[in-house]
>>> print(open('final_37.cif').read())   # mmCIF, C-alpha atoms and all ligand atoms
data_data
loop_
_atom_site.label_atom_id
_atom_site.label_comp_id
_atom_site.auth_asym_id
_atom_site.auth_seq_id
_atom_site.Cartn_x
_atom_site.Cartn_y
_atom_site.Cartn_z
CA MET A 19 33.22 3.39 8.56
CA LYS A 20 30.97 2.50 5.61
CA GLU A 21 27.98 4.76 4.97
CA VAL A 22 24.65 3.08 4.24
CA ALA A 23 21.68 5.18 3.12
CA ILE A 24 18.13 3.81 3.29
CA LEU A 25 15.54 5.75 1.31
CA GLY A 26 11.98 5.21 2.54
CA ALA A 27 10.72 4.08 5.95
CA GLY A 28 7.95 1.79 4.73
CA TYR A 29 7.92 -1.99 5.16
CA ALA A 30 11.05 -2.64 3.12
CA GLY A 31 13.11 0.30 4.42
CA LEU A 32 12.33 -0.14 8.12
CA ARG A 33 12.87 -3.89 7.97
CA ALA A 34 16.31 -3.27 6.42
CA LEU A 35 17.05 -0.67 9.10
CA ARG A 36 16.16 -2.96 11.98
CA GLU A 37 18.39 -5.69 10.58
CA LEU A 38 21.33 -3.36 9.90
CA GLN A 39 21.08 -1.77 13.32
CA LYS A 40 22.07 -5.10 14.88
CA GLN A 41 25.67 -4.35 13.90
CA SER A 42 27.87 -1.33 14.62
CA GLU A 43 30.36 -1.44 11.73
CA MET A 44 28.41 0.94 9.51
CA HIS A 45 26.74 4.29 9.90
CA ILE A 46 23.19 4.37 8.55
CA THR A 47 21.19 7.35 7.31
CA LEU A 48 17.46 6.78 6.96
CA VAL A 49 15.48 9.28 4.86
CA ASP A 50 11.70 9.65 4.70
CA ARG A 51 9.46 12.60 3.88
CA ASN A 52 7.45 11.90 7.03
CA ASP A 53 8.56 11.59 10.63
CA TYR A 54 6.23 8.59 10.99
CA HIS A 55 5.92 5.12 9.47
CA TYR A 56 2.47 4.15 8.18
CA GLU A 57 1.00 0.73 7.61
CA ALA A 58 0.09 1.12 3.94
CA THR A 59 -1.92 -2.11 4.07
CA ASP A 60 -4.43 -0.35 6.38
CA LEU A 61 -4.91 2.86 4.38
CA HIS A 62 -8.45 1.85 3.39
CA GLU A 63 -9.40 1.91 7.05
CA VAL A 64 -8.39 5.56 7.32
CA ALA A 65 -9.99 6.41 3.95
CA SER A 66 -13.31 4.95 5.13
CA GLY A 67 -13.00 6.64 8.52
CA ASN A 68 -13.18 3.29 10.33
CA GLN A 69 -9.82 3.92 12.03
CA PRO A 70 -8.12 7.21 12.92
CA LYS A 71 -4.71 7.75 11.31
CA GLU A 72 -3.06 7.40 14.74
CA LYS A 73 -3.96 3.70 14.69
CA ILE A 74 -1.86 3.00 11.59
CA ILE A 75 1.18 5.20 12.19
CA TYR A 76 4.06 5.36 14.66
CA PRO A 77 7.05 7.70 15.00
CA ILE A 78 10.12 6.66 13.01
CA LYS A 79 12.30 7.79 15.94
CA ASP A 80 10.86 4.85 17.93
CA VAL A 81 12.87 2.43 15.78
CA VAL A 82 15.99 4.54 15.19
CA ASP A 83 19.01 3.56 17.25
CA THR A 84 20.83 6.90 17.38
CA LYS A 85 24.15 5.17 18.15
CA VAL A 86 24.34 3.90 14.55
CA THR A 87 21.59 5.71 12.64
CA THR A 88 20.79 9.28 11.68
CA PHE A 89 17.22 9.99 10.60
CA VAL A 90 16.69 12.76 8.05
CA GLN A 91 13.15 13.92 7.36
CA ASP A 92 13.26 15.11 3.78
CA GLU A 93 12.03 14.47 0.24
CA VAL A 94 14.31 12.38 -2.00
CA LYS A 95 14.54 14.19 -5.35
CA LYS A 96 17.02 12.09 -7.31
CA ILE A 97 19.74 9.47 -6.99
CA ASP A 98 23.05 9.78 -8.84
CA PRO A 99 24.34 6.19 -8.88
CA ASP A 100 27.65 7.12 -10.53
CA GLN A 101 28.56 9.80 -7.97
CA GLN A 102 26.99 7.71 -5.16
CA VAL A 103 24.96 10.68 -4.02
CA VAL A 104 21.27 11.23 -3.15
CA GLU A 105 19.79 14.65 -3.87
CA LEU A 106 17.41 15.84 -1.16
CA LYS A 107 14.91 18.70 -1.28
CA GLN A 108 16.14 20.62 1.77
CA ASN A 109 19.32 19.02 3.09
CA GLN A 110 22.83 18.70 1.66
CA PRO A 111 23.35 15.85 -0.83
CA LEU A 112 23.82 12.54 0.92
CA HIS A 113 26.84 10.39 0.08
CA TYR A 114 26.67 6.61 0.43
CA ASP A 115 28.81 3.51 0.00
CA TYR A 116 25.75 1.26 -0.02
CA LEU A 117 22.23 2.34 -0.89
CA VAL A 118 18.85 0.75 -0.13
CA VAL A 119 16.08 2.23 -2.27
CA ALA A 120 12.67 1.53 -0.72
CA LEU A 121 10.54 4.46 -1.90
CA GLY A 122 7.34 2.46 -2.37
CA PHE A 123 4.30 2.94 -4.57
CA GLU A 124 2.37 5.74 -6.26
CA SER A 125 -1.03 5.77 -7.93
CA GLU A 126 -1.04 4.63 -11.57
CA THR A 127 -3.67 6.04 -13.91
CA PHE A 128 -2.62 4.06 -17.02
CA GLY A 129 -3.13 7.25 -19.00
CA ILE A 130 -6.90 7.27 -18.39
CA SER A 131 -8.10 10.76 -19.06
CA GLY A 132 -9.16 12.81 -16.04
CA ALA A 133 -8.26 10.12 -13.48
CA LYS A 134 -5.59 12.25 -11.84
CA GLU A 135 -7.70 15.39 -11.74
CA ASN A 136 -11.15 14.01 -10.95
CA ALA A 137 -10.65 10.92 -8.80
CA LEU A 138 -9.30 10.66 -5.25
CA GLU A 139 -6.09 8.70 -4.63
CA MET A 140 -5.41 6.50 -1.60
CA VAL A 141 -1.63 6.12 -1.51
CA ASP A 142 -0.53 7.53 1.84
CA VAL A 143 -1.98 8.85 5.10
CA GLU A 144 -2.64 12.32 3.72
CA THR A 145 -4.58 11.09 0.67
CA ALA A 146 -6.46 8.51 2.75
CA GLU A 147 -7.58 11.22 5.18
CA LYS A 148 -8.64 13.37 2.23
CA VAL A 149 -10.92 10.57 1.03
CA TYR A 150 -12.72 10.44 4.38
CA ASP A 151 -12.97 14.24 4.67
CA HIS A 152 -14.44 14.28 1.16
CA ILE A 153 -17.04 11.61 1.98
CA LYS A 154 -18.13 13.55 5.05
CA ALA A 155 -18.37 16.79 3.05
CA MET A 156 -20.48 15.07 0.38
CA MET A 157 -22.87 13.72 3.04
CA GLU A 158 -23.29 17.28 4.33
CA LYS A 159 -23.98 18.46 0.77
CA TYR A 160 -26.69 15.83 0.43
CA LYS A 161 -28.43 17.29 3.46
CA GLU A 162 -28.53 20.70 1.74
CA THR A 163 -29.38 19.58 -1.81
CA LYS A 164 -31.06 16.14 -1.59
CA ASP A 165 -29.13 15.25 -4.76
CA LYS A 166 -28.51 11.47 -4.76
CA LYS A 167 -25.09 11.82 -6.41
CA TYR A 168 -23.72 12.90 -3.01
CA LEU A 169 -24.71 9.52 -1.53
CA ARG A 170 -22.95 7.55 -4.29
CA LEU A 171 -19.39 6.25 -3.67
CA VAL A 172 -17.50 4.74 -6.60
CA VAL A 173 -14.38 2.59 -6.22
CA CYS A 174 -12.48 2.27 -9.51
CA GLY A 175 -10.86 -1.17 -9.70
CA ALA A 176 -11.81 -4.44 -7.98
CA GLY A 177 -8.29 -5.66 -7.20
CA PHE A 178 -7.15 -6.54 -3.69
CA THR A 179 -7.04 -2.86 -2.62
CA GLY A 180 -10.35 -1.93 -4.26
CA ILE A 181 -12.19 -4.84 -2.64
CA GLU A 182 -10.72 -4.10 0.80
CA LEU A 183 -11.82 -0.48 0.40
CA VAL A 184 -15.34 -1.51 -0.65
CA GLY A 185 -15.61 -3.67 2.50
CA ALA A 186 -14.43 -0.78 4.67
CA LEU A 187 -16.86 1.68 3.03
CA GLN A 188 -19.70 -0.75 3.57
CA GLU A 189 -18.79 -0.77 7.24
CA GLY A 190 -18.68 3.03 7.31
CA LYS A 191 -22.17 3.41 5.77
CA THR A 192 -24.01 3.81 9.08
CA ARG A 193 -21.72 6.68 10.04
CA TYR A 194 -22.03 8.39 6.63
CA ALA A 195 -25.82 7.98 6.73
CA LYS A 196 -25.98 9.72 10.09
CA ILE A 197 -24.25 12.80 8.64
CA ALA A 198 -26.57 12.84 5.61
CA ASN A 199 -29.56 12.06 7.82
CA VAL A 200 -30.66 9.12 5.64
CA ASP A 201 -31.12 5.38 6.03
CA PRO A 202 -27.76 3.54 5.48
CA ALA A 203 -29.42 1.62 2.61
CA GLU A 204 -29.60 4.89 0.68
CA ILE A 205 -25.79 5.14 0.50
CA GLU A 206 -24.82 3.42 -2.75
CA ILE A 207 -21.42 1.77 -3.28
CA TYR A 208 -20.25 1.00 -6.82
CA CYS A 209 -17.11 -0.87 -7.83
CA ILE A 210 -16.13 -0.73 -11.49
CA GLU A 211 -13.71 -3.27 -12.94
CA ALA A 212 -12.36 -3.93 -16.44
CA VAL A 213 -12.03 -7.72 -16.26
CA ALA A 214 -14.84 -10.26 -16.00
CA ASN A 215 -13.51 -12.33 -13.10
CA ILE A 216 -12.21 -10.49 -10.06
CA LEU A 217 -9.43 -11.61 -7.69
CA PRO A 218 -7.78 -14.25 -9.91
CA MET A 219 -5.22 -14.95 -7.15
CA PHE A 220 -7.92 -16.70 -5.08
CA ASN A 221 -9.77 -19.96 -5.83
CA ASP A 222 -13.46 -20.02 -6.87
CA SER A 223 -14.77 -20.76 -3.40
CA LEU A 224 -12.89 -17.82 -1.81
CA THR A 225 -13.89 -15.44 -4.59
CA GLN A 226 -17.51 -16.60 -4.26
CA TYR A 227 -17.37 -15.88 -0.51
CA CYS A 228 -16.41 -12.30 -1.34
CA LEU A 229 -19.01 -11.96 -4.12
CA ASP A 230 -21.77 -13.26 -1.82
CA TYR A 231 -20.99 -10.56 0.72
CA LEU A 232 -20.87 -7.81 -1.89
CA ASN A 233 -24.22 -9.06 -3.11
CA LYS A 234 -25.71 -9.20 0.38
CA TRP A 235 -24.54 -5.63 0.99
CA ASN A 236 -26.05 -4.44 -2.31
CA VAL A 237 -22.67 -3.31 -3.64
CA HIS A 238 -22.99 -2.62 -7.36
CA LEU A 239 -20.06 -4.56 -8.81
CA LEU A 240 -19.73 -3.74 -12.51
CA THR A 241 -17.29 -6.18 -14.13
CA SER A 242 -16.21 -6.28 -17.82
CA SER A 243 -16.52 -2.50 -17.62
CA PRO A 244 -13.24 -0.79 -18.55
CA ILE A 245 -13.10 2.82 -17.42
CA LYS A 246 -12.59 5.20 -20.35
CA ALA A 247 -12.39 8.53 -18.56
CA ILE A 248 -13.14 10.30 -15.32
CA LYS A 249 -14.92 13.62 -15.65
CA PRO A 250 -15.88 15.87 -12.73
CA GLU A 251 -18.36 13.75 -10.71
CA ARG A 252 -18.71 11.24 -13.59
CA VAL A 253 -17.17 7.90 -14.48
CA ILE A 254 -17.27 6.99 -18.15
CA TYR A 255 -16.95 3.25 -18.72
CA SER A 256 -17.84 0.84 -21.45
CA ASN A 257 -19.99 -2.24 -21.11
CA ASP A 258 -21.28 -4.46 -23.91
CA ASP A 259 -19.48 -2.16 -26.36
CA GLN A 260 -21.51 0.81 -25.21
CA ASP A 261 -20.19 3.85 -23.39
CA LYS A 262 -21.99 4.46 -20.12
CA GLU A 263 -21.84 7.21 -17.53
CA LEU A 264 -22.20 7.02 -13.76
CA GLU A 265 -22.71 10.20 -11.80
CA ALA A 266 -21.16 10.23 -8.32
CA ALA A 267 -19.65 12.88 -6.07
CA THR A 268 -17.07 10.48 -4.59
CA ILE A 269 -14.80 8.62 -7.02
CA ILE A 270 -11.80 6.75 -5.57
CA TRP A 271 -9.00 5.45 -7.77
CA THR A 272 -7.58 2.02 -6.86
CA THR A 273 -6.92 0.46 -10.27
CA GLY A 274 -3.21 -0.06 -9.74
CA VAL A 275 0.10 1.31 -8.56
CA SER A 276 3.55 1.95 -9.95
CA GLY A 277 6.88 2.42 -8.18
CA SER A 278 8.15 5.88 -7.14
CA HIS A 279 8.78 8.39 -9.95
CA VAL A 280 12.27 8.95 -8.42
CA ILE A 281 13.37 5.62 -9.96
CA GLY A 282 12.78 6.75 -13.55
CA GLU A 283 14.04 10.27 -12.90
CA SER A 284 17.31 8.85 -11.55
CA GLY A 285 17.98 6.98 -14.79
CA PHE A 286 17.56 3.41 -13.53
CA SER A 287 16.45 0.92 -16.11
CA GLU A 288 12.79 0.58 -15.11
CA LYS A 289 9.22 -0.06 -16.13
CA ARG A 290 6.43 1.81 -14.31
CA GLY A 291 8.87 2.85 -11.58
CA ARG A 292 10.10 -0.70 -10.94
CA VAL A 293 13.55 -2.15 -11.56
CA MET A 294 13.92 -5.83 -12.44
CA VAL A 295 16.60 -6.56 -9.85
CA ASN A 296 19.30 -9.22 -9.76
CA ASP A 297 18.60 -12.39 -7.77
CA ASP A 298 20.54 -10.86 -4.86
CA LEU A 299 18.25 -7.74 -5.02
CA THR A 300 20.90 -5.37 -6.38
CA ASP A 301 20.36 -3.07 -9.33
CA PRO A 302 21.65 -4.78 -12.52
CA ASP A 303 24.07 -1.87 -13.12
CA HIS A 304 25.23 -1.15 -9.55
CA GLU A 305 26.15 -3.81 -7.09
CA ASN A 306 26.14 -1.41 -4.12
CA ILE A 307 22.51 -0.41 -4.72
CA TYR A 308 19.65 -2.56 -3.42
CA ILE A 309 16.23 -1.81 -4.86
CA ILE A 310 13.49 -3.36 -2.75
CA GLY A 311 9.76 -3.35 -2.03
CA ASP A 312 7.33 -1.77 -4.50
CA VAL A 313 10.09 -0.09 -6.55
CA SER A 314 11.44 -3.48 -7.56
CA ALA A 315 10.35 -6.51 -9.52
CA VAL A 316 11.57 -9.99 -8.57
CA MET A 317 11.02 -12.84 -10.96
CA ASP A 318 9.01 -15.83 -9.75
CA LYS A 319 10.81 -18.60 -11.59
CA GLU A 320 7.80 -20.94 -11.34
CA SER A 321 5.32 -18.66 -13.09
CA ASN A 322 7.96 -16.78 -15.05
CA ARG A 323 6.29 -13.52 -13.99
CA PRO A 324 7.34 -11.04 -11.33
CA TYR A 325 5.87 -11.61 -7.87
CA PRO A 326 3.04 -9.22 -7.03
CA THR A 327 4.34 -6.27 -5.01
CA THR A 328 3.12 -6.69 -1.43
CA GLY A 329 3.98 -5.68 2.11
CA GLN A 330 4.92 -9.29 2.76
CA ILE A 331 7.58 -9.54 0.06
CA SER A 332 8.79 -6.02 0.94
CA LEU A 333 9.54 -7.10 4.52
CA GLN A 334 11.46 -10.16 3.34
CA MET A 335 13.43 -8.11 0.81
CA GLY A 336 14.35 -5.55 3.49
CA GLU A 337 15.82 -8.23 5.71
CA HIS A 338 17.65 -9.89 2.83
CA ALA A 339 19.15 -6.67 1.45
CA ALA A 340 20.47 -5.76 4.91
CA LYS A 341 22.09 -9.16 5.33
CA ASN A 342 23.69 -8.91 1.89
CA ILE A 343 25.15 -5.49 2.73
CA GLU A 344 26.65 -6.98 5.89
CA ARG A 345 28.15 -9.77 3.76
CA GLN A 346 29.59 -7.27 1.27
CA VAL A 347 31.15 -5.18 4.04
CA LYS A 348 32.79 -8.33 5.44
CA GLY A 349 34.02 -9.28 1.95
CA GLU A 350 31.73 -12.32 1.78
CA PRO A 351 29.68 -13.26 -1.30
CA LYS A 352 26.11 -11.98 -1.52
CA GLN A 353 23.27 -14.50 -1.44
CA ASP A 354 20.22 -14.82 -3.68
CA PHE A 355 16.79 -13.88 -2.39
CA THR A 356 14.09 -16.53 -2.06
CA PHE A 357 10.53 -15.41 -1.37
CA LYS A 358 8.68 -17.50 1.21
CA ASN A 359 4.99 -16.97 0.50
CA LEU A 360 3.13 -17.07 3.83
CA GLY A 361 -0.23 -16.56 2.07
CA SER A 362 -2.42 -13.56 1.61
CA VAL A 363 -5.68 -12.58 3.30
CA ALA A 364 -8.04 -9.82 2.10
CA SER A 365 -10.42 -8.17 4.55
CA ILE A 366 -13.92 -7.02 3.67
CA GLY A 367 -14.76 -4.99 6.72
CA ASN A 368 -13.49 -5.60 10.23
CA THR A 369 -15.05 -9.03 10.75
CA HIS A 370 -14.99 -10.68 7.32
CA ALA A 371 -11.98 -11.85 5.35
CA PHE A 372 -10.83 -14.54 2.96
CA GLY A 373 -7.58 -15.80 1.49
CA TYR A 374 -4.73 -18.20 2.05
CA VAL A 375 -2.63 -18.91 5.08
CA GLY A 376 0.29 -20.75 3.54
CA SER A 377 -1.58 -22.65 0.83
CA THR A 378 -4.69 -23.33 2.93
CA GLY A 379 -7.85 -21.40 2.01
CA VAL A 380 -9.53 -19.57 4.91
CA LYS A 381 -12.68 -17.47 5.09
CA GLY A 382 -15.00 -15.90 7.65
CA TYR A 383 -13.99 -15.46 11.27
CA PRO A 384 -10.77 -17.59 11.08
CA ALA A 385 -9.64 -15.48 8.12
CA SER A 386 -10.48 -12.21 9.90
CA PHE A 387 -8.53 -13.44 12.94
CA MET A 388 -5.57 -14.38 10.70
CA LYS A 389 -5.69 -10.99 8.93
CA LYS A 390 -5.26 -9.23 12.29
CA MET A 391 -2.46 -11.59 13.25
CA ILE A 392 -0.73 -10.82 9.93
CA MET A 393 -1.06 -7.08 10.63
CA ASN A 394 0.41 -7.57 14.11
CA ARG A 395 3.29 -9.63 12.70
CA SER A 396 4.09 -6.93 10.19
CA LEU A 397 4.10 -4.31 12.98
CA LEU A 398 6.45 -6.54 14.95
CA LYS A 399 8.83 -6.82 11.97
CA THR A 400 9.13 -3.06 11.44
CA GLY A 401 8.32 -1.47 14.80
CA GLY A 402 8.98 -4.20 17.37
CA LEU A 403 6.94 -5.25 20.39
CA LYS A 404 6.31 -1.69 21.61
CA GLU A 405 4.36 -0.80 18.45
CA VAL A 406 2.42 -4.08 18.51
CA MET A 407 1.35 -3.37 22.08
CA SER A 408 0.14 0.16 21.28
CA LYS A 409 -1.11 -0.19 17.66
CA GLY A 410 -1.75 -3.94 17.28
CA ARG A 411 -5.14 -5.38 16.34
CA PHE A 412 -6.59 -7.28 19.27
CA ASP A 413 -10.30 -6.70 18.53
CA LEU A 414 -10.57 -10.41 17.79
CA TYR A 415 -13.87 -11.35 19.38
CA HIS A 416 -17.11 -10.24 17.74
C1 LIG B 501 -5.22 -0.40 0.86
C2 LIG B 501 -4.06 -1.33 0.64
C3 LIG B 501 -4.13 -2.61 1.16
C4 LIG B 501 -3.02 -3.48 1.01
N1 LIG B 501 -3.11 -4.73 1.55
C5 LIG B 501 -2.04 -5.54 1.52
C6 LIG B 501 -2.06 -6.80 2.20
O1 LIG B 501 -3.08 -7.18 2.78
N2 LIG B 501 -0.93 -7.55 2.18
C7 LIG B 501 0.22 -7.15 1.55
O2 LIG B 501 1.23 -7.87 1.62
N3 LIG B 501 0.27 -5.98 0.87
C8 LIG B 501 -0.81 -5.16 0.84
N4 LIG B 501 -0.78 -3.95 0.19
C9 LIG B 501 0.43 -3.58 -0.57
C10 LIG B 501 1.51 -2.99 0.36
O3 LIG B 501 0.96 -1.95 1.12
C11 LIG B 501 2.71 -2.49 -0.43
O4 LIG B 501 3.17 -3.53 -1.25
C12 LIG B 501 3.79 -2.02 0.53
O5 LIG B 501 3.36 -0.88 1.23
C13 LIG B 501 5.12 -1.72 -0.16
O6 LIG B 501 6.07 -1.45 0.84
P1 LIG B 501 7.33 -0.52 0.57
O7 LIG B 501 8.14 -0.53 1.81
O8 LIG B 501 7.96 -0.90 -0.71
O9 LIG B 501 6.73 0.93 0.32
P2 LIG B 501 5.72 1.87 1.10
O10 LIG B 501 4.94 1.14 2.13
O11 LIG B 501 4.98 2.58 0.03
O12 LIG B 501 6.70 2.90 1.84
C14 LIG B 501 7.46 3.84 1.12
C15 LIG B 501 8.02 4.86 2.08
O13 LIG B 501 8.84 5.78 1.33
C16 LIG B 501 8.50 7.12 1.65
N5 LIG B 501 8.74 7.93 0.46
C17 LIG B 501 8.20 7.73 -0.77
N6 LIG B 501 8.71 8.61 -1.65
C18 LIG B 501 9.55 9.39 -0.97
C19 LIG B 501 10.42 10.48 -1.34
N7 LIG B 501 10.50 10.92 -2.60
N8 LIG B 501 11.18 11.05 -0.39
C20 LIG B 501 11.14 10.61 0.91
N9 LIG B 501 10.35 9.58 1.30
C21 LIG B 501 9.58 8.97 0.38
C22 LIG B 501 7.04 7.07 2.10
O14 LIG B 501 6.73 8.15 2.98
C23 LIG B 501 6.97 5.70 2.79
O15 LIG B 501 7.30 5.81 4.16
C24 LIG B 501 -1.87 -3.06 0.29
C25 LIG B 501 -1.81 -1.76 -0.23
C26 LIG B 501 -2.89 -0.90 -0.06
C27 LIG B 501 -2.81 0.50 -0.62
#
>>> encode(input="final_37.cif", output="structure tokens")
Amino acid sequence: MKEVAILGAGYAGLRALRELQKQSEMHITLVDRNDYHYEATDLHEVASGNQPKEKIIYPIKDVVDTKVTTFVQDEVKKIDPDQQVVELKQNQPLHYDYLVVALGFESETFGISGAKENALEMVDVETAEKVYDHIKAMMEKYKETKDKKYLRLVVCGAGFTGIELVGALQEGKTRYAKIANVDPAEIEIYCIEAVANILPMFNDSLTQYCLDYLNKWNVHLLTSSPIKAIKPERVIYSNDDQDKELEAATIIWTTGVSGSHVIGESGFSEKRGRVMVNDDLTDPDHENIYIIGDVSAVMDKESNRPYPTTGQISLQMGEHAAKNIERQVKGEPKQDFTFKNLGSVASIGNTHAFGYVGSTGVKGYPASFMKKMIMNRSLLKTGGLKEVMSKGRFDLYH
């Protein structure tokens, strides 16, 4: 019986698992450092405290069919593609005939000094919870000191993730203000961004919708302001060729992500933890290794640039990689991957959103409704109906 190892139980890994479990000709080993799957697209809701972590996680064992799959909770240290072995932190090395690498994303500091040490990350459940615990602690400190820096929250980066976080923090303001015993208007949210025009993936009308809300909420959006360094409780950025300093006790880093460090450490040919994979999603040097989700780059032949790494493309890659492994085992030729873009919707808080469904622009309530439907669909793809029923978003009427 062929041995398939899947590394990572995120969108890409779990989607591959669910597809492979439909057959019984292979034995599968799934490895993840956690015993739960988390919806990474909802991490900002945990970081802002708007949702408890239980709402965005479910046990991996819920989707493991023990007749064909063994789940190993462990940390992947390294992959040896030549020996076909995965080195784990605690367990014996894992041998595979086929490998699916789906280890996801990590925070990327782009070498900006002090970012790692002095800003908070939001890359998994643990770091998201730390952000919320930190905000609460800073609100308590304000009560003792009356120093305004404790009421100031800075989001570094106004990309998709940064903007979704800003929206969630805005929604959390009333709760934070209660802890600090101040009016919610006294909590200040800043968002600092290097480029002049945010969210280039959306058209002007959608971007304006977002900007109008940020404006209405008094969010301080500083564009054309590249961050130079993060010092303890200080962001150093430049604007109009002048270095400026913003003092704040909460600084959250969302300027970008790279793929898992395991990719580089295992000797794959990569850039920022991502491998430019073949059209069939295999590693260019190993046709039994599929590299999918945020650790991979897939070329969009129309724009001649890699597709942005998203949960949506990760799910589609997971399904495709699994089907290709089935073809390989049967001695059939592998097929090339084609990404079907279903659109992309960004939330700003629980009731506002904007983006594209297919190629149609949506904003306001219809967009917020669609965002929740997208989240439910993604839960269905990885966890199945059971998880949608217990964790799905059905708070549709406001
Ligand atoms: C706040 C936020 C909002 C987002 N919103 C959207 C959105 O609206 N739409 C969209 O399409 N995308 C969105 N994204 C992007 C999306 O979340 C990622 O593209 C997606 O999570 C990538 O999926 P993945 O399966 O490759 O990896 P991940 O979801 O990162 O999963 C990786 C898995 O591997 C495990 N793992 C990692 N390293 C190890 C190791 N060394 N050993 C063992 N296990 C390990 C992790 O525990 C995790 O379970 C958002 C991201 C963020 C942070």
>>> closest_atom_pairs(input="final_37.cif", of="chain A", to="ligand LIG 501 (chain B)", cutoff="7 Å", atoms="all atoms listed in the file", output="Markdown table")
| residue | atom | partner | partner_atom | distance |
| --- | --- | --- | --- | --- |
| A:Leu25 | CA | B:LIG501 | N9 | 6.5 |
| A:Gly26 | CA | B:LIG501 | O13 | 3.4 |
| A:Ala27 | CA | B:LIG501 | O15 | 4.2 |
| A:Gly28 | CA | B:LIG501 | O12 | 3.3 |
| A:Tyr29 | CA | B:LIG501 | O7 | 3.7 |
| A:Ala30 | CA | B:LIG501 | O7 | 3.8 |
| A:Gly31 | CA | B:LIG501 | O7 | 5.7 |
| A:Val49 | CA | B:LIG501 | C20 | 6.0 |
| A:Asp50 | CA | B:LIG501 | N9 | 3.7 |
| A:Arg51 | CA | B:LIG501 | C20 | 4.0 |
| A:Asn52 | CA | B:LIG501 | O14 | 5.6 |
| A:His55 | CA | B:LIG501 | O15 | 5.5 |
| A:Tyr56 | CA | B:LIG501 | O15 | 6.5 |
| A:Glu57 | CA | B:LIG501 | O10 | 6.8 |
| A:Ala58 | CA | B:LIG501 | O3 | 4.3 |
| A:Thr59 | CA | B:LIG501 | C4 | 3.5 |
| A:Asp60 | CA | B:LIG501 | C1 | 5.6 |
| A:Leu61 | CA | B:LIG501 | C1 | 4.8 |
| A:His62 | CA | B:LIG501 | C1 | 4.7 |
| A:Asp92 | CA | B:LIG501 | C20 | 5.7 |
| A:Glu93 | CA | B:LIG501 | N8 | 3.6 |
| A:Val94 | CA | B:LIG501 | N8 | 3.8 |
| A:Lys95 | CA | B:LIG501 | N7 | 5.9 |
| A:Ala120 | CA | B:LIG501 | O8 | 5.3 |
| A:Leu121 | CA | B:LIG501 | O13 | 3.9 |
| A:Gly122 | CA | B:LIG501 | O9 | 3.2 |
| A:Phe123 | CA | B:LIG501 | O11 | 4.7 |
| A:Met140 | CA | B:LIG501 | C27 | 6.6 |
| A:Val141 | CA | B:LIG501 | C27 | 5.8 |
| A:Phe178 | CA | B:LIG501 | N1 | 6.9 |
| A:Thr179 | CA | B:LIG501 | C1 | 4.6 |
| A:Glu182 | CA | B:LIG501 | C1 | 6.6 |
| A:Leu183 | CA | B:LIG501 | C1 | 6.6 |
| A:Ser278 | CA | B:LIG501 | N6 | 6.2 |
| A:Val280 | CA | B:LIG501 | N7 | 6.4 |
| A:Ile310 | CA | B:LIG501 | O8 | 6.4 |
| A:Gly311 | CA | B:LIG501 | O8 | 3.3 |
| A:Asp312 | CA | B:LIG501 | O8 | 3.9 |
| A:Val313 | CA | B:LIG501 | O8 | 6.3 |
| A:Thr327 | CA | B:LIG501 | O4 | 4.8 |
| A:Thr328 | CA | B:LIG501 | O4 | 3.2 |
| A:Gly329 | CA | B:LIG501 | O2 | 3.5 |
| A:Gln330 | CA | B:LIG501 | O2 | 4.1 |
| A:Ile331 | CA | B:LIG501 | O2 | 6.7 |
| A:Ser332 | CA | B:LIG501 | O6 | 5.3 |
| A:Ser362 | CA | B:LIG501 | N2 | 6.2 |
| A:Val363 | CA | B:LIG501 | O1 | 6.0 |
| A:Ala364 | CA | B:LIG501 | O1 | 5.7 |
>>> atom_distance(input="final_37.cif", atom1="atom CA of A:Asn221", atom2="atom CA of A:Glu124")
28.4 Å
>>> atom_distance(input="final_37.cif", atom1="atom CA of A:Ile281", atom2="atom CA of A:Glu344")
24.2 Å
>>> closest_residue(input="final_37.cif", among="A:Gln188, A:Gln346, A:Thr145, A:Ser131", to="A:His370", atoms="all atoms listed in the file")
A:Gln188
>>> residues_around(input="final_37.cif", residues="A:Asn368", least_positions_apart="2", cutoff="10 Å", atoms="all atoms listed in the file", output="number ranges by chain")
A: 63, 68, 182, 185-186, 189, 365-366, 370-371, 383, 386-387, 389-390, 413-414, 416
>>> write_last_selection(input="final_37.cif", atoms="C-alpha atoms", output="compact mmCIF listing (two decimals), in the coordinates of the input")
# COMPACT_ATOMS: atom_id res chain seq x y z
CA GLU A 63 -9.40 1.91 7.05
CA ASN A 68 -13.18 3.29 10.33
CA GLU A 182 -10.72 -4.10 0.80
CA GLY A 185 -15.61 -3.67 2.50
CA ALA A 186 -14.43 -0.78 4.67
CA GLU A 189 -18.79 -0.77 7.24
CA SER A 365 -10.42 -8.17 4.55
CA ILE A 366 -13.92 -7.02 3.67
CA HIS A 370 -14.99 -10.68 7.32
CA ALA A 371 -11.98 -11.85 5.35
CA TYR A 383 -13.99 -15.46 11.27
CA SER A 386 -10.48 -12.21 9.90
CA PHE A 387 -8.53 -13.44 12.94
CA LYS A 389 -5.69 -10.99 8.93
CA LYS A 390 -5.26 -9.23 12.29
CA ASP A 413 -10.30 -6.70 18.53
CA LEU A 414 -10.57 -10.41 17.79
CA HIS A 416 -17.11 -10.24 17.74
>>> residues_around(input="final_37.cif", residues="A:Lys148", least_positions_apart="2", cutoff="12 Å", atoms="all atoms listed in the file", output="VMD selection string")
chain A and resid 61 to 62 64 to 67 71 137 to 146 150 to 155 268 270
>>> residues_near_point(input="final_37.cif", point="(30.6, 11.1, -0.1)", cutoff="10 Å", atoms="all atoms listed in the file", output="list of chain:residue names")
A:Glu21, A:Gln101, A:Gln102, A:Val103, A:Val104, A:Pro111, A:Leu112, A:His113, A:Tyr114, A:Asp115
